[in-house]
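Novice: This structure is in structure tokens; I'll ask about it shortly.
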Amino acid sequence: VLLAGLEIFTQSGWAMLSRWGHFLAGITWIGLLYYFNFVQTPAFVEFDAGPRTEAFRKLVPRALWWFRWAAMFTVLTGILILGFQEQFDGDYMKSPSGISIFTGVLFGLIMFANVWLVIWPNQKIVIANAEATAAGRDPLPNAAAAARKGACASRTNTLFSIPLLFFMGFTSHLAPLYNTVEGGKRATYWLIVLVITIAIEAIALSAPAVGKPQAWHIDKHRNTIIAGVVYWAILIALFEILF
Ligand code: HEM
């Protein structure tokens, strides 16, 4: 009875607690994603083979544990916010805020699938390869290809994270100022967004063989950052033109 009187245990309170969990998990996930892309991968290139094997056995598994479970917690708390705010009700999906959050959620779900279905399974092969090498056994023949597949998905997630984070904040803080959206314009928006997003993801999944060049936007992390900002600019231009 005492607790029921507190604001924090109201529906808005639960939405706020979900938001808090969402921020904590989101910064853990995306922080580690940036660490992998901007710090670890370039540094490992300069490591000698011995210390690199050691790092793959002792450091990488720990970082990947926090990474994948933070991704899980981010998605679950994101869905909780949607539920507690009753955002599935009424015409939310048709409003600028609804379009904004579902743009972010689209990126978030693809990134989540990349973590659990591409990056983690391929990194497990790379870690197993380090264990085999450390134990004096033959290296795994598919380790280099697995590392490349994981890296392509990881860079792609970095690209998507740039517009994703914008749309997470945009939803409540600027999108409400845009106009109510007509069906035809909404369809145009989603068509363009889906075509670009699916094309970017398809490139990630068709990781070229080791030694073959990669697509420009995932070839270097600098290019990935530029591509992420360009994609954000395209999306905000669509908002300005259509809504
Ligand atoms: C599938 C994954 C995700 C889902 C379902 C989701 C869902 C949501 C929802 C429903 C909101 C509330 C929007 C509003 O009404 O203001 C939100 C806000 C937010 N999300 Fe996510 N999100 C996801 C991924 C992420 C990721 C990866 C991050 C990275 C850090 C993130 C960071 C944020 C931030 C910073 C806000 C700002 C809230 C505010 O301005 O109050 N989200 N998210």
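By convention in this document, the chains of the structure tokens carry letters A, B, ... by their order, each chain's residues are numbered from 1, and ligands are numbered from 1 in the order they are shown.
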Give me, as a Markdown table, the closest atom pair and its distance (Å, one decimal) for every residue of chain A within a cut-off of 6 Å of ligand 1, counting only C-alpha atoms and all ligand atoms, rows sorted by chain and rising number.
Specialist:
```
| residue | atom | partner | partner_atom_place_in_ligand_line | distance |
| --- | --- | --- | --- | --- |
| A:Phe23 | CA | ligand 1 | 32 (C) | 5.6 |
| A:Gly26 | CA | ligand 1 | 30 (C) | 3.5 |
| A:Ile27 | CA | ligand 1 | 30 (C) | 4.8 |
| A:Ile30 | CA | ligand 1 | 30 (C) | 5.9 |
| A:Thr74 | CA | ligand 1 | 24 (C) | 5.8 |
| A:Val75 | CA | ligand 1 | 2 (C) | 4.1 |
| A:Gly78 | CA | ligand 1 | 7 (C) | 3.5 |
| A:Ile79 | CA | ligand 1 | 5 (C) | 4.8 |
| A:Ile81 | CA | ligand 1 | 10 (C) | 4.8 |
| A:Leu82 | CA | ligand 1 | 10 (C) | 4.3 |
| A:Ile101 | CA | ligand 1 | 13 (C) | 6.0 |
| A:Val105 | CA | ligand 1 | 1 (C) | 4.5 |
| A:Gly108 | CA | ligand 1 | 1 (C) | 3.7 |
| A:Leu109 | CA | ligand 1 | 1 (C) | 4.3 |
| A:Leu165 | CA | ligand 1 | 29 (C) | 5.7 |
| A:Met168 | CA | ligand 1 | 19 (C) | 4.2 |
| A:Gly169 | CA | ligand 1 | 40 (O) | 4.0 |
| A:Thr171 | CA | ligand 1 | 16 (O) | 4.9 |
| A:Ser172 | CA | ligand 1 | 16 (O) | 4.1 |
```
Novice: Neighbouring residues of Glu131 of chain A were defined as those with any atom within 10 Å, considering only C-alpha atoms; residues of the same chain fewer than 5 positions away were excluded. Please report them as number ranges by chain.
Specialist: A: 53-54, 56-57, 125-126, 136-137, 139-140
Novice: Between A:Arg186, A:Arg222, A:Arg52, A:His173, which one has atoms that come closest to Ile127 of chain A, using only C-alpha atoms?
Specialist: A:Arg52
Novice: Mind checking which residues fall within 12 Å of Phe67 of chain A, counting only C-alpha atoms, ignoring those fewer than 5 positions away in the same chain, and posting them as JSON, numbers by chain?
Specialist: {"A": [25, 26, 27, 28, 29, 30, 31, 32, 33, 34, 35, 36, 60, 61, 62, 72, 73, 74, 111, 112, 114, 115, 116, 119, 120, 154]}
Novice: Between atom CA of Trp65 of chain A and atom CA of Asn122 of chain A, measure the distance and give it in Å to one decimal.
Specialist: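 Atom-to-atom, atom CA of Trp65 of chain A and atom CA of Asn122 of chain A are spaced 13.9 Å apart.
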Novice: I'd like to know which of A:Val118, A:Ala113, A:Ala147, A:Val210 is closest to Thr41 of chain A, using only C-alpha atoms.
Specialist: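 For Thr41 of chain A, the nearest of the given residues is A:Ala147.
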Novice: Grab the atom CA of Glu201 of chain A to atom CA of Asn142 of chain A distance for me, in Å with one decimal place.
Specialist: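 Here the two named atoms are 22.2 Å from each other.
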Novice: One number please: atom CA of Ala55 of chain A to atom CA of Ser161 of chain A, in Å, one decimal.
Specialist: 26.1 Å
Novice: So, with only C-alpha atoms as the atoms that count, which of A:Ser95, A:Thr197, A:Thr133, A:Gln214 lies closest to Lys185 of chain A?
Specialist: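 So, comparing all the options, the nearest one is A:Ser95.
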